[in-house]
Structures are given as structure tokens and as C-alpha cells.
$ cat input37.pdb   # PDB, C-alpha atoms and all ligand atoms
MODEL        1
ATOM      1  CA  MET A 755     136.161  71.811  51.958  1.00  0.00           C
ATOM      2  CA  MET A 756     134.937  73.676  55.044  1.00  0.00           C
ATOM      3  CA  ASP A 757     132.115  75.174  52.988  1.00  0.00           C
ATOM      4  CA  GLU A 758     131.099  71.699  51.815  1.00  0.00           C
ATOM      5  CA  LEU A 759     130.994  70.523  55.456  1.00  0.00           C
ATOM      6  CA  LYS A 760     128.757  73.487  56.310  1.00  0.00           C
ATOM      7  CA  ARG A 761     126.434  72.516  53.445  1.00  0.00           C
ATOM      8  CA  GLN A 762     126.300  68.893  54.599  1.00  0.00           C
ATOM      9  CA  ALA A 763     125.303  69.969  58.118  1.00  0.00           C
ATOM     10  CA  ALA A 764     122.620  72.220  56.590  1.00  0.00           C
ATOM     11  CA  ILE A 765     121.201  69.392  54.473  1.00  0.00           C
ATOM     12  CA  ALA A 766     121.093  67.062  57.497  1.00  0.00           C
ATOM     13  CA  ALA A 767     118.976  69.638  59.370  1.00  0.00           C
ATOM     14  CA  LEU A 768     116.266  69.556  56.691  1.00  0.00           C
ATOM     15  CA  ASP A 769     115.017  66.214  58.061  1.00  0.00           C
ATOM     16  CA  ALA A 770     113.576  68.096  61.050  1.00  0.00           C
ATOM     17  CA  VAL A 771     111.484  70.418  58.885  1.00  0.00           C
ATOM     18  CA  LYS A 772     107.964  69.144  58.204  1.00  0.00           C
ATOM     19  CA  ASP A 773     105.121  70.467  56.108  1.00  0.00           C
ATOM     20  CA  GLY A 774     103.285  73.377  57.731  1.00  0.00           C
ATOM     21  CA  MET A 775     106.064  74.314  60.168  1.00  0.00           C
ATOM     22  CA  ILE A 776     107.177  77.764  61.269  1.00  0.00           C
ATOM     23  CA  VAL A 777     110.969  77.753  60.871  1.00  0.00           C
ATOM     24  CA  GLY A 778     113.473  80.129  62.484  1.00  0.00           C
ATOM     25  CA  LEU A 779     116.181  81.089  60.002  1.00  0.00           C
ATOM     26  CA  GLY A 780     119.644  81.731  61.425  1.00  0.00           C
ATOM     27  CA  THR A 781     122.373  84.035  60.160  1.00  0.00           C
ATOM     28  CA  GLY A 782     125.865  83.407  58.767  1.00  0.00           C
ATOM     29  CA  SER A 783     127.423  81.290  56.044  1.00  0.00           C
ATOM     30  CA  THR A 784     126.233  77.929  57.442  1.00  0.00           C
ATOM     31  CA  ALA A 785     122.676  79.151  58.032  1.00  0.00           C
ATOM     32  CA  ALA A 786     122.727  80.566  54.484  1.00  0.00           C
ATOM     33  CA  HIS A 787     123.298  77.041  53.144  1.00  0.00           C
ATOM     34  CA  PHE A 788     120.244  75.918  55.110  1.00  0.00           C
ATOM     35  CA  ILE A 789     118.103  78.769  53.759  1.00  0.00           C
ATOM     36  CA  ARG A 790     119.118  77.929  50.167  1.00  0.00           C
ATOM     37  CA  GLU A 791     118.384  74.204  50.651  1.00  0.00           C
ATOM     38  CA  LEU A 792     115.056  75.046  52.296  1.00  0.00           C
ATOM     39  CA  GLY A 793     114.234  77.265  49.325  1.00  0.00           C
ATOM     40  CA  SER A 794     114.776  74.369  46.959  1.00  0.00           C
ATOM     41  CA  ARG A 795     112.408  72.179  49.068  1.00  0.00           C
ATOM     42  CA  VAL A 796     109.800  74.953  48.997  1.00  0.00           C
ATOM     43  CA  ARG A 797     110.068  75.098  45.222  1.00  0.00           C
ATOM     44  CA  GLY A 798     109.465  71.328  45.330  1.00  0.00           C
ATOM     45  CA  GLY A 799     106.187  71.812  47.229  1.00  0.00           C
ATOM     46  CA  LEU A 800     107.115  71.968  50.956  1.00  0.00           C
ATOM     47  CA  ARG A 801     104.927  74.505  52.791  1.00  0.00           C
ATOM     48  CA  VAL A 802     106.735  76.402  55.554  1.00  0.00           C
ATOM     49  CA  GLN A 803     106.981  79.958  56.814  1.00  0.00           C
ATOM     50  CA  GLY A 804     110.320  81.359  57.940  1.00  0.00           C
ATOM     51  CA  ILE A 805     111.190  83.887  60.637  1.00  0.00           C
ATOM     52  CA  PRO A 806     114.585  85.439  59.842  1.00  0.00           C
ATOM     53  CA  THR A 807     117.153  86.529  62.437  1.00  0.00           C
ATOM     54  CA  SER A 808     118.694  89.319  60.321  1.00  0.00           C
ATOM     55  CA  GLU A 809     118.081  91.591  57.357  1.00  0.00           C
ATOM     56  CA  GLU A 810     120.651  89.486  55.476  1.00  0.00           C
ATOM     57  CA  SER A 811     118.780  86.216  56.072  1.00  0.00           C
ATOM     58  CA  SER A 812     115.459  87.865  55.267  1.00  0.00           C
ATOM     59  CA  LYS A 813     116.803  89.013  51.901  1.00  0.00           C
ATOM     60  CA  LEU A 814     118.258  85.591  51.081  1.00  0.00           C
ATOM     61  CA  ALA A 815     115.062  83.782  52.100  1.00  0.00           C
ATOM     62  CA  LEU A 816     112.978  85.967  49.804  1.00  0.00           C
ATOM     63  CA  GLU A 817     115.472  85.471  46.947  1.00  0.00           C
ATOM     64  CA  VAL A 818     115.254  81.668  47.197  1.00  0.00           C
ATOM     65  CA  GLY A 819     111.488  81.612  47.665  1.00  0.00           C
ATOM     66  CA  VAL A 820     111.025  80.897  51.400  1.00  0.00           C
ATOM     67  CA  PRO A 821     107.843  82.736  52.502  1.00  0.00           C
ATOM     68  CA  LEU A 822     108.341  84.828  55.629  1.00  0.00           C
ATOM     69  CA  THR A 823     106.222  85.641  58.645  1.00  0.00           C
ATOM     70  CA  THR A 824     106.840  87.505  61.905  1.00  0.00           C
ATOM     71  CA  LEU A 825     106.929  86.734  65.617  1.00  0.00           C
ATOM     72  CA  HIS A 826     103.877  88.991  65.911  1.00  0.00           C
ATOM     73  CA  ASP A 827     101.814  86.692  63.661  1.00  0.00           C
ATOM     74  CA  GLN A 828     103.482  83.436  64.739  1.00  0.00           C
ATOM     75  CA  PRO A 829     104.839  83.752  68.289  1.00  0.00           C
ATOM     76  CA  VAL A 830     105.754  80.044  68.521  1.00  0.00           C
ATOM     77  CA  ILE A 831     108.410  78.641  66.193  1.00  0.00           C
ATOM     78  CA  ASP A 832     108.472  74.880  65.573  1.00  0.00           C
ATOM     79  CA  VAL A 833     112.156  74.585  64.773  1.00  0.00           C
ATOM     80  CA  THR A 834     115.052  77.010  64.342  1.00  0.00           C
ATOM     81  CA  VAL A 835     118.202  76.156  62.419  1.00  0.00           C
ATOM     82  CA  ASP A 836     121.214  78.391  63.037  1.00  0.00           C
ATOM     83  CA  GLY A 837     125.003  78.295  63.011  1.00  0.00           C
ATOM     84  CA  ALA A 838     127.430  79.006  65.860  1.00  0.00           C
ATOM     85  CA  ASP A 839     130.969  80.219  66.381  1.00  0.00           C
ATOM     86  CA  GLU A 840     131.826  77.729  69.103  1.00  0.00           C
ATOM     87  CA  VAL A 841     130.085  74.681  70.597  1.00  0.00           C
ATOM     88  CA  SER A 842     131.163  73.124  73.908  1.00  0.00           C
ATOM     89  CA  GLU A 843     130.859  69.472  74.878  1.00  0.00           C
ATOM     90  CA  GLY A 844     127.851  70.467  77.014  1.00  0.00           C
ATOM     91  CA  LEU A 845     126.273  71.996  73.850  1.00  0.00           C
ATOM     92  CA  ASP A 846     126.545  75.548  75.131  1.00  0.00           C
ATOM     93  CA  LEU A 847     127.309  78.053  72.401  1.00  0.00           C
ATOM     94  CA  ILE A 848     129.067  81.248  71.505  1.00  0.00           C
ATOM     95  CA  LYS A 849     127.281  83.043  68.680  1.00  0.00           C
ATOM     96  CA  GLY A 850     127.273  86.502  67.190  1.00  0.00           C
ATOM     97  CA  LEU A 851     130.475  86.883  65.199  1.00  0.00           C
ATOM     98  CA  GLY A 852     128.032  87.638  62.349  1.00  0.00           C
ATOM     99  CA  GLY A 853     126.462  90.372  64.473  1.00  0.00           C
ATOM    100  CA  ALA A 854     122.911  88.978  64.678  1.00  0.00           C
ATOM    101  CA  LEU A 855     123.045  87.613  68.232  1.00  0.00           C
ATOM    102  CA  VAL A 856     120.077  89.509  69.713  1.00  0.00           C
ATOM    103  CA  ARG A 857     117.524  88.510  67.080  1.00  0.00           C
ATOM    104  CA  GLU A 858     119.048  85.012  67.047  1.00  0.00           C
ATOM    105  CA  LYS A 859     118.496  84.708  70.789  1.00  0.00           C
ATOM    106  CA  VAL A 860     114.944  86.071  70.595  1.00  0.00           C
ATOM    107  CA  VAL A 861     114.104  83.558  67.858  1.00  0.00           C
ATOM    108  CA  ALA A 862     115.834  80.690  69.707  1.00  0.00           C
ATOM    109  CA  HIS A 863     113.855  81.411  72.861  1.00  0.00           C
ATOM    110  CA  ALA A 864     110.589  81.424  70.883  1.00  0.00           C
ATOM    111  CA  SER A 865     111.416  77.999  69.406  1.00  0.00           C
ATOM    112  CA  ASN A 866     110.264  74.567  70.497  1.00  0.00           C
ATOM    113  CA  TYR A 867     113.481  73.081  69.146  1.00  0.00           C
ATOM    114  CA  VAL A 868     116.829  74.614  68.189  1.00  0.00           C
ATOM    115  CA  ILE A 869     119.210  72.851  65.820  1.00  0.00           C
ATOM    116  CA  ILE A 870     122.743  74.201  65.495  1.00  0.00           C
ATOM    117  CA  ILE A 871     124.661  73.353  62.337  1.00  0.00           C
ATOM    118  CA  VAL A 872     128.449  73.593  62.304  1.00  0.00           C
ATOM    119  CA  ASP A 873     131.566  72.200  60.720  1.00  0.00           C
ATOM    120  CA  GLU A 874     134.011  70.402  63.002  1.00  0.00           C
ATOM    121  CA  SER A 875     136.227  73.477  63.480  1.00  0.00           C
ATOM    122  CA  LYS A 876     133.570  74.949  65.818  1.00  0.00           C
ATOM    123  CA  LEU A 877     133.679  72.090  68.348  1.00  0.00           C
ATOM    124  CA  SER A 878     135.566  72.986  71.502  1.00  0.00           C
ATOM    125  CA  ALA A 879     136.447  71.320  74.784  1.00  0.00           C
ATOM    126  CA  ARG A 880     136.052  74.604  76.709  1.00  0.00           C
ATOM    127  CA  LEU A 881     133.710  77.390  75.641  1.00  0.00           C
ATOM    128  CA  GLY A 882     135.601  80.618  74.960  1.00  0.00           C
ATOM    129  CA  SER A 883     138.843  79.021  73.820  1.00  0.00           C
ATOM    130  CA  LYS A 884     138.156  79.758  70.134  1.00  0.00           C
ATOM    131  CA  ALA A 885     135.922  82.816  70.012  1.00  0.00           C
ATOM    132  CA  PRO A 886     135.444  86.040  71.977  1.00  0.00           C
ATOM    133  CA  VAL A 887     132.105  86.654  73.657  1.00  0.00           C
ATOM    134  CA  PRO A 888     130.160  89.224  71.604  1.00  0.00           C
ATOM    135  CA  VAL A 889     128.164  91.659  73.743  1.00  0.00           C
ATOM    136  CA  GLU A 890     125.577  93.927  72.077  1.00  0.00           C
ATOM    137  CA  VAL A 891     125.415  97.313  73.774  1.00  0.00           C
ATOM    138  CA  VAL A 892     123.227 100.419  73.445  1.00  0.00           C
ATOM    139  CA  PRO A 893     125.678 103.019  71.994  1.00  0.00           C
ATOM    140  CA  PHE A 894     125.098 105.523  74.834  1.00  0.00           C
ATOM    141  CA  ALA A 895     126.389 102.956  77.350  1.00  0.00           C
ATOM    142  CA  ILE A 896     129.413 101.668  75.442  1.00  0.00           C
ATOM    143  CA  ASP A 897     132.127 103.148  77.693  1.00  0.00           C
ATOM    144  CA  ALA A 898     130.408 102.154  80.922  1.00  0.00           C
ATOM    145  CA  VAL A 899     129.855  98.561  79.743  1.00  0.00           C
ATOM    146  CA  ARG A 900     133.377  98.287  78.402  1.00  0.00           C
ATOM    147  CA  GLY A 901     134.728  99.499  81.756  1.00  0.00           C
ATOM    148  CA  GLN A 902     132.665  96.930  83.654  1.00  0.00           C
ATOM    149  CA  LEU A 903     133.783  94.019  81.434  1.00  0.00           C
ATOM    150  CA  LYS A 904     137.417  95.143  81.808  1.00  0.00           C
ATOM    151  CA  LEU A 905     137.027  95.024  85.585  1.00  0.00           C
ATOM    152  CA  TRP A 906     135.972  91.394  85.256  1.00  0.00           C
ATOM    153  CA  GLY A 907     139.108  90.646  83.211  1.00  0.00           C
ATOM    154  CA  GLY A 908     140.043  90.123  79.590  1.00  0.00           C
ATOM    155  CA  GLU A 909     139.868  92.673  76.795  1.00  0.00           C
ATOM    156  CA  PRO A 910     136.586  94.006  75.365  1.00  0.00           C
ATOM    157  CA  LYS A 911     137.101  95.590  71.924  1.00  0.00           C
ATOM    158  CA  ILE A 912     134.549  97.582  69.942  1.00  0.00           C
ATOM    159  CA  ARG A 913     133.861  95.601  66.765  1.00  0.00           C
ATOM    160  CA  GLU A 914     134.764  97.401  63.570  1.00  0.00           C
ATOM    161  CA  ARG A 915     133.937  96.811  59.932  1.00  0.00           C
ATOM    162  CA  GLU A 916     135.875  98.621  57.210  1.00  0.00           C
ATOM    163  CA  GLY A 917     137.498 100.899  59.779  1.00  0.00           C
ATOM    164  CA  LYS A 918     134.207 102.034  61.364  1.00  0.00           C
ATOM    165  CA  PRO A 919     132.280 100.761  64.384  1.00  0.00           C
ATOM    166  CA  PHE A 920     130.024  97.878  63.342  1.00  0.00           C
ATOM    167  CA  VAL A 921     126.332  98.694  63.848  1.00  0.00           C
ATOM    168  CA  SER A 922     123.880  95.816  64.381  1.00  0.00           C
ATOM    169  CA  ASP A 923     120.458  95.480  62.709  1.00  0.00           C
ATOM    170  CA  ASN A 924     119.112  96.929  65.977  1.00  0.00           C
ATOM    171  CA  GLY A 925     121.297 100.056  65.769  1.00  0.00           C
ATOM    172  CA  ASN A 926     123.664  98.951  68.551  1.00  0.00           C
ATOM    173  CA  LEU A 927     127.417  98.428  68.962  1.00  0.00           C
ATOM    174  CA  ILE A 928     129.156  95.139  69.711  1.00  0.00           C
ATOM    175  CA  LEU A 929     132.003  94.524  72.125  1.00  0.00           C
ATOM    176  CA  ASP A 930     134.050  91.409  71.364  1.00  0.00           C
ATOM    177  CA  TRP A 931     135.189  90.341  74.798  1.00  0.00           C
ATOM    178  CA  TRP A 932     138.285  88.180  74.695  1.00  0.00           C
ATOM    179  CA  HIS A 933     137.991  86.231  77.859  1.00  0.00           C
ATOM    180  CA  GLU A 934     139.499  83.194  79.494  1.00  0.00           C
ATOM    181  CA  PRO A 935     137.647  79.886  78.822  1.00  0.00           C
ATOM    182  CA  ILE A 936     134.207  79.884  80.429  1.00  0.00           C
ATOM    183  CA  ASP A 937     133.522  77.332  83.175  1.00  0.00           C
ATOM    184  CA  GLN A 938     130.013  78.502  84.071  1.00  0.00           C
ATOM    185  CA  PRO A 939     128.232  79.658  80.901  1.00  0.00           C
ATOM    186  CA  ILE A 940     124.782  79.999  82.503  1.00  0.00           C
ATOM    187  CA  ALA A 941     126.151  82.211  85.287  1.00  0.00           C
ATOM    188  CA  LEU A 942     128.286  84.337  82.949  1.00  0.00           C
ATOM    189  CA  GLU A 943     125.380  84.832  80.523  1.00  0.00           C
ATOM    190  CA  LYS A 944     123.240  86.152  83.421  1.00  0.00           C
ATOM    191  CA  GLN A 945     126.063  88.273  84.800  1.00  0.00           C
ATOM    192  CA  ILE A 946     126.659  90.050  81.461  1.00  0.00           C
ATOM    193  CA  LYS A 947     122.946  90.585  80.901  1.00  0.00           C
ATOM    194  CA  GLY A 948     122.727  92.246  84.325  1.00  0.00           C
ATOM    195  CA  VAL A 949     124.884  95.190  83.220  1.00  0.00           C
ATOM    196  CA  THR A 950     122.773  98.241  82.361  1.00  0.00           C
ATOM    197  CA  GLY A 951     123.173  99.111  78.694  1.00  0.00           C
ATOM    198  CA  VAL A 952     123.805  95.515  77.608  1.00  0.00           C
ATOM    199  CA  VAL A 953     121.127  94.198  75.258  1.00  0.00           C
ATOM    200  CA  ASP A 954     122.409  90.630  75.287  1.00  0.00           C
ATOM    201  CA  SER A 955     125.500  88.480  74.822  1.00  0.00           C
ATOM    202  CA  GLY A 956     126.520  85.745  72.427  1.00  0.00           C
ATOM    203  CA  ILE A 957     126.567  83.115  75.184  1.00  0.00           C
ATOM    204  CA  PHE A 958     123.682  80.747  74.414  1.00  0.00           C
ATOM    205  CA  ALA A 959     123.635  78.368  77.381  1.00  0.00           C
ATOM    206  CA  ASN A 960     121.071  75.553  77.406  1.00  0.00           C
ATOM    207  CA  VAL A 961     119.568  76.547  74.067  1.00  0.00           C
ATOM    208  CA  ALA A 962     120.641  73.924  71.515  1.00  0.00           C
ATOM    209  CA  GLY A 963     118.524  70.752  71.453  1.00  0.00           C
ATOM    210  CA  LEU A 964     120.628  69.201  68.729  1.00  0.00           C
ATOM    211  CA  VAL A 965     124.011  70.078  67.243  1.00  0.00           C
ATOM    212  CA  ILE A 966     124.718  68.694  63.788  1.00  0.00           C
ATOM    213  CA  ALA A 967     128.474  68.727  63.236  1.00  0.00           C
ATOM    214  CA  ALA A 968     129.806  67.856  59.812  1.00  0.00           C
ATOM    215  CA  THR A 969     133.273  66.310  60.049  1.00  0.00           C
ATOM    216  CA  SER A 970     135.662  64.902  57.470  1.00  0.00           C
ATOM    217  CA  THR A 971     134.579  61.419  58.599  1.00  0.00           C
ATOM    218  CA  GLY A 972     130.827  62.063  58.519  1.00  0.00           C
ATOM    219  CA  ILE A 973     127.942  63.774  60.287  1.00  0.00           C
ATOM    220  CA  ARG A 974     127.829  63.746  64.113  1.00  0.00           C
ATOM    221  CA  MET A 975     124.482  64.256  65.821  1.00  0.00           C
ATOM    222  CA  LEU A 976     125.014  65.648  69.352  1.00  0.00           C
ATOM    223  CA  LYS A 977     121.763  65.632  71.324  1.00  0.00           C
ATOM    224  CA  ARG A 978     121.181  67.470  74.586  1.00  0.00           C
ATOM    225  CA  GLY A 979     121.091  64.979  77.434  1.00  0.00           C
ATOM    226  CA  GLU A 980     123.176  62.349  75.664  1.00  0.00           C
ATOM    227  CA  ASN A 981     126.812  62.275  76.866  1.00  0.00           C
ATOM    228  CA  ASN A 982     126.647  65.894  77.998  1.00  0.00           C
TER     229      ASN A 982
HETATM  230  C1  LIG B1001     125.755  85.236  63.530  1.00  0.00           C
HETATM  231  C2  LIG B1001     126.072  83.924  64.131  1.00  0.00           C
HETATM  232  C3  LIG B1001     126.493  82.837  63.209  1.00  0.00           C
HETATM  233  O1  LIG B1001     125.662  81.746  63.401  1.00  0.00           O
HETATM  234  C4  LIG B1001     127.905  82.464  63.505  1.00  0.00           C
HETATM  235  O2  LIG B1001     128.690  83.631  63.411  1.00  0.00           O
HETATM  236  C5  LIG B1001     128.416  81.379  62.564  1.00  0.00           C
HETATM  237  O3  LIG B1001     128.620  81.898  61.284  1.00  0.00           O
HETATM  238  P1  LIG B1001     129.222  81.006  60.113  1.00  0.00           P
HETATM  239  O4  LIG B1001     128.200  79.948  59.830  1.00  0.00           O
HETATM  240  O5  LIG B1001     129.380  81.982  58.957  1.00  0.00           O
HETATM  241  O6  LIG B1001     130.528  80.451  60.579  1.00  0.00           O
HETATM  242  O7  LIG B1001     125.960  83.702  65.314  1.00  0.00           O
HETATM  243  O8  LIG B1001     125.428  86.198  64.488  1.00  0.00           O
ENDMDL
END

$ encode --input "input37.pdb" --output "C-alpha cells"
Amino acid sequence: MMDELKRQAAIAALDAVKDGMIVGLGTGSTAAHFIRELGSRVRGGLRVQGIPTSEESSKLALEVGVPLTTLHDQPVIDVTVDGADEVSEGLDLIKGLGGALVREKVVAHASNYVIIIVDESKLSARLGSKAPVPVEVVPFAIDAVRGQLKLWGGEPKIREREGKPFVSDNGNLILDWWHEPIDQPIALEKQIKGVTGVVDSGIFANVAGLVIAATSTGIRMLKRGENN
């Protein structure tokens, strides 16, 4: 059921993709639905070039026939479609439980328009009530950054996968910072980024232009500037 909602949100995002566009390709199970649907449009004749946000999305895009390019060759992206772990009423996001937050943020910031596709379980009244804040850290600095986050409150934990520290596509570690709900996402995003050794965090404030939320009663289109 949830997977079908993710697919519906992905299909709804295809309307924004026009012939000739450079398209940012997100990471995660919802973004994977989008990449597969985009692949089927490409096989039907749509001409686009994708810029992936992870090795995983790059591999999938190539498998389903989406041609890829790079930010070096195409520094401006027309539209990016990505998932999220949590979306607030103000359309601020927590991302990165899939571990691709840094490339996702780089791609989002290079994009003219960012569409976030989610199922209804990701919608939240207060950012940080459902997901921890992922913080990508240069391994050498992990203890210092962890100590600083602890001083600010909450519990930063080194992310593990199969009993070992998770290593991002960029060769870094991730701290999942369980934190009280976030009242000032813009300020907290800046504050975390100001710590030496931090590459970036999963707070994406002011990034989403449109959130497409698939719910059991239909698709909701949440646009920046409308009721938020
Ligand atoms: C990866 C992400 C993903 O967009 C986020 O984790 C959502 O994933 P899913 O669609 O599988 O729920 O930010 O870094």
C-alpha cells in the first residue's frame, strides 16, 4: 500500500518533466519509482539527461535507460525530483536516512525547481518529530562533532549498517541526531553547518518548491507560498 502511494507520487511528478530537460535524480525507494517511470518515458521517446544523487540512483538510471550527465557539463538543473524522510507544514525537510544527503543537497541547490515526492506518512506538524537529523561528518572529526551536538542537546549516534559504521558515497560517516522538534530549521541548518568537520546536514530548509504527497484519499500538491 505504502509502496503504491510512493509510486503514485512519482508518477504525478512526471508532469513537470519536459523534453530536453536536465533532471536531478533523487535517492531512496520513492525516488527509485520516479527513475523507473522516467526510464519508461525515455523508452517512449522523451529526451532528458539525468544527474544522479548517489551511486545507487546512477546504477538504476542506467539500467532503465535514463541517459546521465554531470554537474560539470550541465551546471544548471531544470527540475529535481527526490524523496524525503519528513516534510513540515512549511515545506521544510529532513532528508538523508538513505545516506545521500550531501549530493542531494548539492543537486537541489543547482536546480531551478525541486519537487519532493512522499507518501502521507512523511507529513509532519513539527519537523524533527518523526526522523533524526542526519549529519555527514569527515571521519577524522567524528568525536569532536558528536561532542558539540551533544552539548546542544539530544543524542547523536553514529549510523551503522550490518554492525559496521555506515560510509557515505563521499567516504564520510553519518551521525543521526535525535533532537527535539525543530522550531527554526533555517537557523539550525546554518548552526550545524558551522561546526568544523561537518560536511552538511539533512535539514533542507527553503528548498522544496512543490511537495507531492500521495494519500489514501488522493494526491495532495503542496506548493511553496500557498498556505505555508
Ligand atoms: C536519501 C533520502 C531519501 O529521499 C529519503 O531517505 C526517503 O527515502 P524513501 O523514499 O526510501 O522513504 O533523503 O538520502

$ residues_near_ligand --input "input37.pdb" --ligand "ligand LIG 1001 (chain B)" --cutoff "8 Å" --atoms "only C-alpha atoms and all ligand atoms" --output "list in words"
Lys760, Gly780, Thr781, Gly782, Ser783, Thr784, Ala785, Ala786, Asp836, Gly837, Ala838, Asp839, Ile848, Lys849, Gly850, Leu851, Gly852, Gly853, Ala854, Leu855, Glu858, Ile871, Val872 and Gly956 of chain A

$ closest_residue --input "input37.pdb" --among "A:Gly844, A:Pro939, A:Gly948, A:Pro893" --to "Asn924 (chain A)" --atoms "all atoms listed in the file"
A:Pro893

$ residues_around --input "input37.pdb" --residues "Thr971 (chain A)" --least-positions-apart "6" --cutoff "12 Å" --atoms "only C-alpha atoms" --output "ChimeraX atom specification"
/A:759,762,873-874

$ resolve_selection --input "input37.pdb" --expression "the PyMOL selection byres (((chain A and resi 934) around 8) and not hetatm)" --output "PyMOL selection string"
chain A and resi 882-883+908+932-933+935-936

$ resolve_selection --input "input37.pdb" --expression "the PyMOL selection byres (((chain A and resi 822-833) around 8) and not hetatm)" --output "VMD selection string"
chain A and resid 770 to 771 775 to 778 803 to 806 812 815 to 816 820 to 821 834 to 835 861 864 to 869

$ residues_around --input "input37.pdb" --residues "Asn926 (chain A)" --least-positions-apart "2" --cutoff "7 Å" --atoms "only C-alpha atoms" --output "list of chain:residue names"
A:Glu890, A:Val891, A:Val892, A:Pro893, A:Val921, A:Ser922, A:Asn924, A:Ile928

$ atom_distance --input "input37.pdb" --atom1 "CA of Val889 (chain A)" --atom2 "CA of Asp930 (chain A)"
6.4 Å

$ closest_residue --input "input37.pdb" --among "A:Ile973, A:Val961, A:Val860, A:Ala766" --to "Thr807 (chain A)" --atoms "only C-alpha atoms"
A:Val860
